[in-house]
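Listing of coords.cif; format and content: mmCIF, C-alpha atoms.
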data_my_file
#
loop_
_atom_site.label_atom_id
_atom_site.label_comp_id
_atom_site.auth_asym_id
_atom_site.auth_seq_id
_atom_site.Cartn_x
_atom_site.Cartn_y
_atom_site.Cartn_z
CA MET A 1 27.84 110.24 52.37
CA ASN A 2 27.63 113.71 53.97
CA PHE A 3 25.44 114.47 56.98
CA THR A 4 23.87 117.43 58.74
CA VAL A 5 22.96 117.42 62.41
CA GLY A 6 19.56 117.42 64.08
CA PHE A 7 18.39 116.60 67.61
CA LYS A 8 16.08 114.07 69.24
CA PRO A 9 15.70 113.21 72.98
CA LEU A 10 17.04 109.82 73.99
CA LEU A 11 17.13 108.12 77.38
CA GLY A 12 20.62 106.91 78.50
CA ASP A 13 21.52 103.25 78.75
CA ALA A 14 21.83 102.53 82.48
CA HIS A 15 22.80 98.87 82.08
CA SER A 16 26.48 99.55 81.41
CA MET A 17 26.63 102.03 84.30
CA ASP A 18 25.16 99.41 86.67
CA SER A 19 27.75 96.86 85.52
CA LEU A 20 30.54 99.37 86.06
CA GLU A 21 29.26 100.25 89.54
CA LYS A 22 29.46 96.57 90.61
CA GLN A 23 33.21 96.64 89.83
CA LEU A 24 33.72 99.70 92.04
CA ILE A 25 32.35 98.23 95.30
CA CYS A 26 34.71 97.93 98.28
CA PRO A 27 34.59 94.38 99.76
CA ILE A 28 34.75 95.84 103.30
CA CYS A 29 32.14 98.62 103.43
CA LEU A 30 30.17 97.21 100.44
CA GLU A 31 29.88 100.72 99.07
CA MET A 32 31.60 102.46 96.19
CA PHE A 33 35.31 103.02 96.85
CA SER A 34 36.02 106.26 98.68
CA LYS A 35 39.27 107.98 97.76
CA PRO A 36 42.06 107.45 98.33
CA VAL A 37 41.86 103.90 96.93
CA VAL A 38 44.87 101.64 97.71
CA ILE A 39 45.98 98.58 95.74
CA LEU A 40 47.30 95.57 97.70
CA PRO A 41 50.23 93.38 96.54
CA CYS A 42 47.65 90.78 95.47
CA GLN A 43 46.14 93.44 93.08
CA HIS A 44 42.87 93.82 95.01
CA ASN A 45 41.63 97.32 95.90
CA LEU A 46 40.33 98.77 99.16
CA CYS A 47 39.36 102.15 100.51
CA ARG A 48 42.34 103.29 102.53
CA LYS A 49 40.04 103.90 105.52
CA CYS A 50 38.69 100.34 105.25
CA ALA A 51 42.22 98.97 104.88
CA ASN A 52 43.19 100.86 108.04
CA ASP A 53 40.19 99.40 109.92
CA VAL A 54 41.15 95.84 108.89
CA PHE A 55 44.76 96.50 109.86
CA GLN A 56 43.75 97.80 113.32
CA ALA A 57 41.52 94.78 113.90
CA SER A 58 44.42 92.45 113.01
CA ASN A 59 46.89 94.34 115.19
CA PRO A 60 45.16 95.05 118.53
CA LEU A 61 48.39 96.09 120.26
CA TRP A 62 48.97 98.72 117.63
CA GLN A 63 45.37 99.82 117.92
CA SER A 64 45.65 100.32 121.68
CA ARG A 65 48.20 103.09 121.19
CA GLY A 66 45.38 105.41 120.28
CA SER A 67 47.18 106.75 117.21
CA THR A 68 46.20 106.94 113.57
CA THR A 69 49.76 106.53 112.28
CA VAL A 70 51.87 103.38 112.19
CA SER A 71 55.34 103.46 113.69
CA SER A 72 56.53 99.88 113.41
CA GLY A 73 54.57 98.23 110.57
CA GLY A 74 52.41 95.12 110.82
CA ARG A 75 50.37 92.72 108.67
CA PHE A 76 46.81 91.72 107.79
CA ARG A 77 45.04 89.51 105.24
CA CYS A 78 43.30 90.67 102.08
CA PRO A 79 39.51 90.27 102.62
CA SER A 80 39.07 89.08 99.01
CA CYS A 81 41.76 86.37 98.62
CA ARG A 82 43.22 86.03 102.19
CA HIS A 83 46.71 86.88 100.89
CA GLU A 84 48.90 88.15 103.73
CA VAL A 85 49.82 91.82 103.32
CA VAL A 86 52.99 92.92 105.12
CA LEU A 87 53.20 96.66 105.87
CA ASP A 88 56.27 98.75 106.55
CA ARG A 89 56.54 101.48 109.17
CA HIS A 90 54.19 103.71 107.14
CA GLY A 91 51.33 101.22 107.57
CA VAL A 92 48.43 101.52 105.10
CA TYR A 93 49.75 104.93 104.11
CA GLY A 94 52.69 103.13 102.50
CA LEU A 95 50.38 101.22 100.12
CA GLN A 96 50.29 102.42 96.51
CA ARG A 97 47.24 104.39 95.40
CA ASN A 98 45.30 103.07 92.40
CA LEU A 99 44.87 106.28 90.40
CA LEU A 100 43.19 104.45 87.50
CA VAL A 101 40.33 103.27 89.74
CA GLU A 102 40.02 106.75 91.28
CA ASN A 103 39.75 108.32 87.80
CA ILE A 104 37.10 105.78 86.79
CA ILE A 105 35.13 106.62 89.96
CA ASP A 106 35.27 110.32 89.10
CA ILE A 107 34.02 109.65 85.55
CA TYR A 108 31.26 107.36 86.87
CA LYS A 109 30.06 109.96 89.39
CA GLN A 110 30.03 112.69 86.74
CA GLU A 111 27.96 110.53 84.38
CA SER A 112 25.65 109.34 87.17
CA SER A 113 24.90 112.92 88.22
CA ARG A 114 23.38 113.71 84.83
CA PRO A 115 19.56 113.20 84.66
CA LEU A 116 18.85 110.43 82.18
CA ASN A 117 15.83 112.20 80.73
CA SER A 118 17.87 115.32 79.99
CA LYS A 119 20.26 113.61 77.58
CA ALA A 120 19.72 114.17 73.86
CA GLU A 121 20.91 112.35 70.82
CA GLN A 122 22.20 114.28 67.86
CA HIS A 123 20.55 112.69 64.85
CA LEU A 124 22.48 112.91 61.63
CA MET A 125 20.42 114.02 58.66
CA CYS A 126 21.14 112.93 55.10
CA GLU A 127 22.52 115.79 53.04
CA GLU A 128 21.26 114.32 49.80
CA HIS A 129 17.77 113.81 51.26
CA GLU A 130 17.45 116.68 53.72
CA ASP A 131 14.30 115.44 55.46
CA GLU A 132 15.59 111.90 55.97
CA LYS A 133 17.32 110.83 59.18
CA ILE A 134 20.20 108.40 59.16
CA ASN A 135 18.48 105.18 60.23
CA ILE A 136 20.33 102.28 58.55
CA TYR A 137 23.92 101.10 58.24
CA CYS A 138 25.58 100.14 54.97
CA LEU A 139 27.53 96.94 55.58
CA SER A 140 29.33 97.16 52.25
CA CYS A 141 30.62 100.73 52.72
CA GLU A 142 30.65 100.56 56.54
CA VAL A 143 28.89 103.92 56.96
CA PRO A 144 25.49 105.03 58.33
CA THR A 145 23.01 106.13 55.69
CA CYS A 146 19.30 106.80 55.15
CA SER A 147 16.54 104.67 53.67
CA LEU A 148 16.20 106.74 50.49
CA CYS A 149 19.89 106.30 49.74
CA LYS A 150 19.29 102.56 49.87
CA VAL A 151 16.27 102.76 47.57
CA PHE A 152 17.36 105.43 45.08
CA GLY A 153 20.85 106.63 46.04
CA ALA A 154 24.45 105.56 46.18
CA HIS A 155 23.75 102.50 48.37
CA LYS A 156 20.96 100.90 46.35
CA ASP A 157 23.17 97.90 45.48
CA CYS A 158 24.71 97.56 48.96
CA GLU A 159 23.81 95.30 51.85
CA VAL A 160 22.38 97.23 54.81
CA ALA A 161 21.25 96.53 58.38
CA PRO A 162 19.23 98.42 61.00
CA LEU A 163 21.26 101.09 62.75
CA PRO A 164 20.45 99.86 66.31
CA THR A 165 21.62 96.35 65.42
CA ILE A 166 25.06 97.51 64.29
CA TYR A 167 25.17 99.97 67.19
CA LYS A 168 24.66 97.20 69.74
CA ARG A 169 27.08 94.85 67.97
CA GLN A 170 29.96 97.33 67.80
CA LYS A 171 29.31 98.59 71.31
CA SER A 172 29.49 94.99 72.54
CA GLU A 173 32.78 94.50 70.68
CA LEU A 174 34.24 97.63 72.25
CA SER A 175 33.03 96.57 75.70
CA ASP A 176 34.71 93.17 75.32
CA GLY A 177 37.91 94.87 74.15
CA ILE A 178 37.88 97.17 77.18
CA SER A 179 37.50 94.18 79.51
CA MET A 180 40.47 92.45 77.90
CA LEU A 181 42.52 95.62 78.05
CA VAL A 182 41.76 96.22 81.74
CA ALA A 183 42.70 92.62 82.54
CA GLY A 184 45.93 93.11 80.61
CA ASN A 185 46.64 96.29 82.57
CA ASP A 186 46.36 94.35 85.83
CA ARG A 187 48.91 91.84 84.55
CA VAL A 188 51.25 94.62 83.42
CA GLN A 189 50.97 96.27 86.84
CA ALA A 190 51.85 92.95 88.50
CA VAL A 191 54.88 92.55 86.22
CA ILE A 192 56.05 96.09 87.04
CA THR A 193 55.73 95.36 90.76
CA GLN A 194 57.74 92.15 90.36
CA MET A 195 60.48 93.93 88.43
CA GLU A 196 60.66 96.69 91.05
CA GLU A 197 61.20 93.94 93.61
CA VAL A 198 63.93 92.52 91.35
CA CYS A 199 65.66 95.92 91.38
CA GLN A 200 65.47 96.02 95.17
CA THR A 201 66.84 92.48 95.41
CA ILE A 202 69.71 93.33 93.08
CA GLU A 203 70.60 96.34 95.21
CA ASP A 204 70.35 94.33 98.43
CA ASN A 205 72.46 91.48 97.05
CA SER A 206 75.00 93.91 95.65
CA ARG A 207 75.22 95.70 98.97
CA ARG A 208 75.71 92.39 100.77
CA GLN A 209 78.40 91.21 98.38
CA LYS A 210 80.20 94.55 98.66
CA GLN A 211 80.25 94.19 102.45
CA LEU A 212 81.70 90.67 102.19
CA LEU A 213 84.25 91.85 99.67
CA ASN A 214 85.37 94.73 101.88
CA GLN A 215 85.62 92.53 104.97
CA ARG A 216 87.89 90.07 103.18
CA PHE A 217 90.13 92.68 101.60
CA GLU A 218 90.53 94.50 104.91
CA ALA A 219 92.06 91.28 106.35
CA LEU A 220 94.74 91.19 103.64
CA CYS A 221 97.91 93.26 103.24
CA ALA A 222 98.35 96.46 101.22
CA VAL A 223 99.18 94.61 97.98
CA LEU A 224 95.48 93.72 97.66
CA GLU A 225 94.30 97.35 97.45
CA GLU A 226 94.82 97.75 93.71
CA ARG A 227 93.07 94.47 92.92
CA LYS A 228 90.34 95.31 95.38
CA GLY A 229 89.51 98.48 93.44
CA GLU A 230 89.34 96.55 90.18
CA LEU A 231 86.95 93.95 91.58
CA LEU A 232 84.71 96.56 93.20
CA GLN A 233 84.54 98.39 89.90
CA ALA A 234 83.58 95.18 88.09
CA LEU A 235 80.85 94.52 90.65
CA ALA A 236 79.52 98.07 90.38
CA LEU A 237 79.51 97.92 86.58
CA LYS A 238 77.61 94.63 86.59
CA GLN A 239 75.13 96.00 89.09
CA GLU A 240 74.58 99.11 86.97
CA GLU A 241 74.25 96.98 83.84
CA LYS A 242 71.53 94.84 85.42
CA LEU A 243 69.72 97.80 86.97
CA GLN A 244 69.72 99.71 83.70
CA ARG A 245 68.28 96.72 81.88
CA VAL A 246 65.49 96.11 84.42
CA ARG A 247 64.69 99.82 84.75
CA GLY A 248 64.55 100.07 80.98
CA LEU A 249 61.99 97.26 80.99
CA ILE A 250 60.04 99.03 83.74
CA ARG A 251 59.93 102.19 81.65
CA GLN A 252 58.76 100.16 78.64
CA TYR A 253 55.98 98.47 80.61
CA GLY A 254 55.11 101.77 82.28
CA ASP A 255 54.75 103.55 78.94
CA HIS A 256 52.53 100.73 77.70
CA LEU A 257 50.43 100.90 80.86
CA GLU A 258 50.03 104.67 80.56
CA ALA A 259 49.00 104.45 76.90
CA SER A 260 46.63 101.58 77.65
CA SER A 261 45.05 103.47 80.59
CA LYS A 262 44.45 106.53 78.44
CA LEU A 263 42.83 104.35 75.78
CA VAL A 264 40.60 102.74 78.43
CA GLU A 265 39.46 106.15 79.66
CA SER A 266 38.78 107.29 76.11
CA ALA A 267 36.85 104.09 75.37
CA ILE A 268 34.81 104.41 78.58
CA GLN A 269 33.85 107.95 77.69
CA SER A 270 32.85 106.78 74.19
CA MET A 271 30.75 103.99 75.73
CA GLU A 272 28.66 106.66 77.48
CA GLU A 273 27.85 108.43 74.18
CA PRO A 274 24.04 108.12 73.87
CA GLN A 275 23.91 109.12 70.20
CA MET A 276 24.11 106.00 68.10
CA ALA A 277 25.19 107.65 64.88
CA LEU A 278 27.86 109.78 66.52
CA TYR A 279 29.05 106.79 68.43
CA LEU A 280 29.33 104.68 65.29
CA GLN A 281 31.43 107.34 63.57
CA GLN A 282 34.24 106.74 66.06
CA ALA A 283 33.48 103.23 67.35
CA LYS A 284 35.29 101.37 64.57
CA GLU A 285 38.51 103.29 65.13
CA LEU A 286 38.31 102.75 68.89
CA ILE A 287 37.63 99.05 68.45
CA ASN A 288 40.64 98.73 66.18
CA LYS A 289 42.84 100.65 68.63
CA VAL A 290 41.66 98.56 71.56
CA GLY A 291 42.18 95.34 69.61
CA THR A 292 45.65 96.41 68.54
CA MET A 293 46.59 97.50 72.07
CA SER A 294 45.34 94.24 73.59
CA LYS A 295 47.50 92.22 71.18
CA VAL A 296 50.70 94.14 71.89
CA GLU A 297 53.32 91.78 73.23
CA LEU A 298 55.76 93.40 75.59
CA GLY A 299 59.11 91.76 75.04
CA GLY A 300 61.69 91.06 77.60
CA ARG A 301 61.65 90.10 81.24
CA PRO A 302 64.63 89.29 83.42
CA GLU A 303 65.35 85.58 83.29
CA PRO A 304 65.08 83.57 86.55
CA GLY A 305 67.99 84.31 88.84
CA TYR A 306 68.89 87.48 86.96
CA GLU A 307 68.98 89.41 90.23
CA SER A 308 71.56 87.06 91.73
CA MET A 309 75.01 88.54 92.32
CA GLU A 310 76.55 85.35 93.67
CA GLN A 311 79.12 85.24 90.87
CA PHE A 312 80.95 88.08 92.63
CA THR A 313 82.31 85.94 95.46
CA VAL A 314 86.03 85.72 96.17
CA SER A 315 88.23 83.32 98.10
CA VAL A 316 91.15 84.53 100.25
CA GLU A 317 92.79 81.11 100.63
CA HIS A 318 95.80 81.92 98.47
CA VAL A 319 99.47 82.55 99.15
CA ALA A 320 101.00 85.99 98.64
CA GLU A 321 102.35 85.17 95.15
CA MET A 322 98.77 84.38 93.96
CA LEU A 323 97.07 87.46 95.40
CA ARG A 324 97.14 89.48 92.19
CA THR A 325 95.20 86.73 90.33
CA ILE A 326 92.17 86.81 92.65
CA ASP A 327 88.89 86.89 90.75
CA PHE A 328 85.23 86.29 91.50
CA GLN A 329 84.19 82.68 92.04
CA PRO A 330 80.50 82.10 91.13
CA GLY A 331 78.67 79.57 93.25
CA ALA A 332 80.80 80.03 96.35
CA SER A 333 78.00 81.65 98.36
CA GLY A 334 77.17 78.47 100.26
CA GLU A 335 80.62 78.50 101.87
CA GLU A 336 80.65 82.19 102.77
CA GLU A 337 79.92 81.80 106.46
CA ASP A 338 82.45 78.99 106.85
CA GLU A 339 85.08 81.09 105.11
CA GLU A 340 84.38 84.05 107.38
CA VAL A 341 84.75 81.91 110.48
CA ALA A 342 87.97 80.38 109.15
CA LEU A 343 89.28 83.83 108.28
CA ASP A 344 88.57 85.14 111.77
CA GLY A 345 90.37 82.14 113.26
CA GLU A 346 93.41 82.60 111.06
CA GLU A 347 93.85 86.34 111.70
CA GLY A 348 95.71 85.69 114.95
CA SER A 349 98.33 83.51 113.23
CA ALA A 350 98.54 85.45 109.96
CA GLY A 351 101.54 87.48 111.15
CA PRO A 352 103.94 84.56 111.83
CA GLU A 353 102.82 82.76 108.66
CA GLU A 354 103.57 85.83 106.56
CA GLU A 355 106.95 86.19 108.22
CA ARG A 356 107.80 82.57 107.36
CA LEU A 357 106.64 83.20 103.77
CA GLU A 358 108.84 86.31 103.46
CA ALA A 359 111.80 84.43 104.89
CA SER A 360 111.29 81.65 102.36
CA GLU A 361 111.17 84.22 99.54
CA GLY A 362 114.40 85.74 100.79
CA LEU A 363 116.14 82.38 100.62
CA HIS A 364 115.07 81.95 97.01
#
For the structure just supplied, provide its representation as C-alpha cells.
Amino acid sequence: MNFTVGFKPLLGDAHSMDSLEKQLICPICLEMFSKPVVILPCQHNLCRKCANDVFQASNPLWQSRGSTTVSSGGRFRCPSCRHEVVLDRHGVYGLQRNLLVENIIDIYKQESSRPLNSKAEQHLMCEEHEDEKINIYCLSCEVPTCSLCKVFGAHKDCEVAPLPTIYKRQKSELSDGISMLVAGNDRVQAVITQMEEVCQTIEDNSRRQKQLLNQRFEALCAVLEERKGELLQALALKQEEKLQRVRGLIRQYGDHLEASSKLVESAIQSMEEPQMALYLQQAKELINKVGTMSKVELGGRPEPGYESMEQFTVSVEHVAEMLRTIDFQPGASGEEEDEEVALDGEEGSAGPEEERLEASEGLH
C-alpha cells in the first residue's frame, strides 16, 4: 500500500504529559526538578538546591559558617526513603548529576511550550483511491489502509480494525515497554554504582596489603629483597587482573545503559507524535526494539568476596633457611595485628638470634 500526505488539525493528548510531569516532581519543593538534578545513593532524585537545603538543616554547625561550600562533609537522610546519605568534603556538589532526568525535563518543557491547538496531524491518503484517507488498519498485513481497499482493493479478504483502536493499543504497548526499560535502567545504574565501589574496595585492600607486606619485609634482612619483589609483582598482577575484569563489566553495563537511554529518549519523542498514521508506521519497530532491549540479560558480576585481597598475606615466622620459600597465606588476616605486635617485640632480640643461627650454620 502506497500513501500520499494530507493535513488535518488534531489536538494533542495531554494525558501522557500529565503522567510524565508527576514523575518529575521534587519531593522537597513539590515542583518540577530544577537543574542541576542530583541522584542519591538510594537512587532517588532531588534538585541540588533542595538537597543543599536539607543538608544545611541536618548540619546546623556547618550552616552557621555562613558559607555555601562544604569543607568537611556531613550527612542527611533521603526525604523519600529515609536512607542516610553520607557526603564527602564536596558536600552536595559531590553527588552525581542525573543527566537522563535533566534531558527528559528539557524534552517535556519543549513539548509543553507548544500550543495544543496548533498541532496538526498529517493524514495519509490512499494512492490507489486518491480521495480516501487512511482510516482503518489491516490486521492481516499489519499496515494502515483505507475503507475502499477493504471493500474493493487488495485488503478485501483481510481482517481489519479501526485505526484509533490499533493506535491506542500499540501506544499502550510502547508505554509499558518504556516503563519497564526505565526501571531496568535504574537497576543497571545501581549495579554500576556497586561495581565502582568494588573497584574502590579492591584498591583500598590492595593498598593496605601492600603496606603490611612492606612493613614485614623491611624488618627482614637483605636476602628477602628478591622474594619481596616477586610477591609485590604477584599482588600487583592480581590487582590489575581483578580491576580489569570489573572495569570491563562496568564498560559493558555502561554501554547498555547508554543504548537503553537513547532508546528511551527516542521512544518518548515518538510517544508525543500526534499523527496516528505516522506514529503507527514506526511504532511496531520501536515496540520490538524496546521489548528486545528490556529482555537483554547482562552477563557477569563479580562473585561475593571478589574484592577481597586477603589471600596475599605472608608470615615472617620462619628461620633464615626457609626465607626464600615465603608465599602468600590466604585467610591469615585475622592474625595480622597479633603478628605485627609480635614482630615489633622480637625486633630488639633479632640481632642475637641471627648471630646464634649463623654460628650454628658455621658449625655445620
- Have a look at A:Met309, A:Leu257, A:Leu163, A:Leu148 and name the one nearest to Ala190 of chain A; count all atoms listed in the file. A:Leu257
- Task: Given the file shown, enumerate the residues that the PyMOL selection byres ((chain A and resi 96-112) around 7) captures and present them as a ChimeraX atom specification.
- Result: /A:35-39,94-95,113-114
- Message: One number please: atom CA of Ser34 of chain A to atom CA of Glu197 of chain A, in Å, one decimal.
- Response: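 Going from atom CA of Ser34 of chain A over to atom CA of Glu197 of chain A covers 28.5 Å.
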Name the residues in contact with Phe55 of chain A at a cut-off of 8 Å, using all atoms listed in the file, excluding same-chain residues fewer than 2 positions from it; report them as an mmCIF file with C-alpha atoms, in the frame of the given file.
data_model
loop_
_atom_site.group_PDB
_atom_site.id
_atom_site.type_symbol
_atom_site.label_atom_id
_atom_site.label_comp_id
_atom_site.auth_asym_id
_atom_site.auth_seq_id
_atom_site.Cartn_x
_atom_site.Cartn_y
_atom_site.Cartn_z
ATOM 1 C CA ALA A 51 42.220 98.970 104.880
ATOM 2 C CA ASN A 52 43.190 100.860 108.040
ATOM 3 C CA ASP A 53 40.190 99.400 109.920
ATOM 4 C CA ALA A 57 41.520 94.780 113.900
ATOM 5 C CA SER A 58 44.420 92.450 113.010
ATOM 6 C CA ASN A 59 46.890 94.340 115.190
ATOM 7 C CA GLY A 74 52.410 95.120 110.820
ATOM 8 C CA ARG A 75 50.370 92.720 108.670
ATOM 9 C CA PHE A 76 46.810 91.720 107.790
ATOM 10 C CA VAL A 92 48.430 101.520 105.100
#
- Message: Please determine, counting only C-alpha atoms, which residue among A:Phe217, A:Phe152, A:Tyr167, A:Tyr306 has the shortest atom-to-atom distance to Met195 of chain A.
- Response: A:Tyr306
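For the set A:Val198, A:Leu280, A:Cys78, A:Val264, the residue with the smallest atom-to-atom gap to Leu124 of chain A is A:Leu280, counting all atoms listed in the file.
Put simply, atom CA of Ala154 of chain A is 24.4 Å away from atom CA of Arg169 of chain A.
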- For Cys141 of chain A, which residue out of A:Val188, A:Cys126, A:Ala161, A:Val314 is the nearest one, using all atoms listed in the file?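 Checking each of A:Val188, A:Cys126, A:Ala161, A:Val314 against Cys141 of chain A, counting all atoms listed in the file, the winner is A:Ala161.
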- Message: What does the structure give for the distance between atom CA of Ser175 of chain A and atom CA of Thr193 of chain A, in Å to one decimal?
- Response: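 These atoms are spaced 27.3 Å apart.
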- Message: Translate the PyMOL selection byres ((chain A and resi 300) around 12) into a concrete residue list for this structure, as an NGL selection string.
- Response: :A and (191 or 195 or 245-253 or 297-299 or 301-303)
Residues from the last selection, C-alpha atoms, saved as a compact mmCIF listing (two decimals), in the coordinates of the input:
# COMPACT_ATOMS: atom_id res chain seq x y z
CA VAL A 191 54.88 92.55 86.22
CA MET A 195 60.48 93.93 88.43
CA ARG A 245 68.28 96.72 81.88
CA VAL A 246 65.49 96.11 84.42
CA ARG A 247 64.69 99.82 84.75
CA GLY A 248 64.55 100.07 80.98
CA LEU A 249 61.99 97.26 80.99
CA ILE A 250 60.04 99.03 83.74
CA ARG A 251 59.93 102.19 81.65
CA GLN A 252 58.76 100.16 78.64
CA TYR A 253 55.98 98.47 80.61
CA GLU A 297 53.32 91.78 73.23
CA LEU A 298 55.76 93.40 75.59
CA GLY A 299 59.11 91.76 75.04
CA ARG A 301 61.65 90.10 81.24
CA PRO A 302 64.63 89.29 83.42
CA GLU A 303 65.35 85.58 83.29
- Run the PyMOL selection byres ((chain A and resi 155) around 10) on the file and write out the hits as a PyMOL selection string. chain A and resi 1+137-141+145-154+156-160
Please produce a file of the residues just selected, as an mmCIF file, in the frame of the given file, where the atoms kept are C-alpha atoms.
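Here's the written file result02.cif:
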data_model
loop_
_atom_site.group_PDB
_atom_site.id
_atom_site.type_symbol
_atom_site.label_atom_id
_atom_site.label_comp_id
_atom_site.auth_asym_id
_atom_site.auth_seq_id
_atom_site.Cartn_x
_atom_site.Cartn_y
_atom_site.Cartn_z
ATOM 1 C CA MET A 1 27.840 110.240 52.370
ATOM 2 C CA TYR A 137 23.920 101.100 58.240
ATOM 3 C CA CYS A 138 25.580 100.140 54.970
ATOM 4 C CA LEU A 139 27.530 96.940 55.580
ATOM 5 C CA SER A 140 29.330 97.160 52.250
ATOM 6 C CA CYS A 141 30.620 100.730 52.720
ATOM 7 C CA THR A 145 23.010 106.130 55.690
ATOM 8 C CA CYS A 146 19.300 106.800 55.150
ATOM 9 C CA SER A 147 16.540 104.670 53.670
ATOM 10 C CA LEU A 148 16.200 106.740 50.490
ATOM 11 C CA CYS A 149 19.890 106.300 49.740
ATOM 12 C CA LYS A 150 19.290 102.560 49.870
ATOM 13 C CA VAL A 151 16.270 102.760 47.570
ATOM 14 C CA PHE A 152 17.360 105.430 45.080
ATOM 15 C CA GLY A 153 20.850 106.630 46.040
ATOM 16 C CA ALA A 154 24.450 105.560 46.180
ATOM 17 C CA LYS A 156 20.960 100.900 46.350
ATOM 18 C CA ASP A 157 23.170 97.900 45.480
ATOM 19 C CA CYS A 158 24.710 97.560 48.960
ATOM 20 C CA GLU A 159 23.810 95.300 51.850
ATOM 21 C CA VAL A 160 22.380 97.230 54.810
#
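Among the candidate residues A:Leu243, A:Ile192, A:Val86, A:Leu235, the one lying nearest to Gln209 of chain A is A:Leu235, with distances computed using only C-alpha atoms.
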- Between A:Leu213, A:Ala219, A:Leu20, A:Leu232, which has the minimum distance to Glu272 of chain A (counting all atoms listed in the file)?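 Using all atoms listed in the file, Glu272 of chain A sits closest to A:Leu20.
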Once 8 Å is added on each side, what are the centre and the three edge lengths, in Å to one decimal, of the axis-aligned box enclosing the listed atoms of segment 17-34 of chain A? Present them as JSON.
{"center_x": 30.6, "center_y": 100.3, "center_z": 93.9, "size_x": 26.9, "size_y": 27.9, "size_z": 35.1}
- Task: Counting all atoms listed in the file, write as an MDAnalysis selection string all protein and nucleic acid residues lying at most 12 Å from (46.5, 85.8, 96.7) in the file's frame.
- Result: chainID A and resid 40:44 77:85
Would you mind writing segment 146-160 of chain A with N, CA and C atoms, as a JSON list (two decimals), in the coordinates of the input?
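Printed below is out-v5.json as written:
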[["chain", "number", "residue", "atom", "x", "y", "z"],
["A", 146, "CYS", "N", 20.75, 106.70, 54.98],
["A", 146, "CYS", "CA", 19.30, 106.80, 55.15],
["A", 146, "CYS", "C", 18.59, 105.81, 54.23],
["A", 147, "SER", "N", 17.30, 105.67, 54.43],
["A", 147, "SER", "CA", 16.54, 104.67, 53.67],
["A", 147, "SER", "C", 16.44, 105.04, 52.19],
["A", 148, "LEU", "N", 16.32, 106.34, 51.89],
["A", 148, "LEU", "CA", 16.20, 106.74, 50.49],
["A", 148, "LEU", "C", 17.48, 106.49, 49.72],
["A", 149, "CYS", "N", 18.63, 106.62, 50.39],
["A", 149, "CYS", "CA", 19.89, 106.30, 49.74],
["A", 149, "CYS", "C", 19.95, 104.83, 49.36],
["A", 150, "LYS", "N", 19.33, 103.99, 50.18],
["A", 150, "LYS", "CA", 19.29, 102.56, 49.87],
["A", 150, "LYS", "C", 18.37, 102.28, 48.69],
["A", 151, "VAL", "N", 17.26, 103.03, 48.62],
["A", 151, "VAL", "CA", 16.27, 102.76, 47.57],
["A", 151, "VAL", "C", 16.67, 103.40, 46.24],
["A", 152, "PHE", "N", 17.11, 104.69, 46.32],
["A", 152, "PHE", "CA", 17.36, 105.43, 45.08],
["A", 152, "PHE", "C", 18.80, 105.91, 44.94],
["A", 153, "GLY", "N", 19.57, 105.94, 46.04],
["A", 153, "GLY", "CA", 20.85, 106.63, 46.04],
["A", 153, "GLY", "C", 22.06, 105.74, 45.82],
["A", 154, "ALA", "N", 23.16, 106.20, 46.42],
["A", 154, "ALA", "CA", 24.45, 105.56, 46.18],
["A", 154, "ALA", "C", 24.54, 104.16, 46.76],
["A", 155, "HIS", "N", 23.65, 103.80, 47.68],
["A", 155, "HIS", "CA", 23.75, 102.50, 48.37],
["A", 155, "HIS", "C", 22.66, 101.53, 47.92],
["A", 156, "LYS", "N", 22.07, 101.75, 46.77],
["A", 156, "LYS", "CA", 20.96, 100.90, 46.35],
["A", 156, "LYS", "C", 21.40, 99.46, 46.06],
["A", 157, "ASP", "N", 22.67, 99.25, 45.74],
["A", 157, "ASP", "CA", 23.17, 97.90, 45.48],
["A", 157, "ASP", "C", 23.95, 97.32, 46.65],
["A", 158, "CYS", "N", 23.92, 97.99, 47.79],
["A", 158, "CYS", "CA", 24.71, 97.56, 48.96],
["A", 158, "CYS", "C", 23.84, 96.77, 49.93],
["A", 159, "GLU", "N", 24.51, 96.02, 50.77],
["A", 159, "GLU", "CA", 23.81, 95.30, 51.85],
["A", 159, "GLU", "C", 23.75, 96.20, 53.07],
["A", 160, "VAL", "N", 22.56, 96.32, 53.68],
["A", 160, "VAL", "CA", 22.38, 97.23, 54.81],
["A", 160, "VAL", "C", 21.79, 96.46, 55.99]]
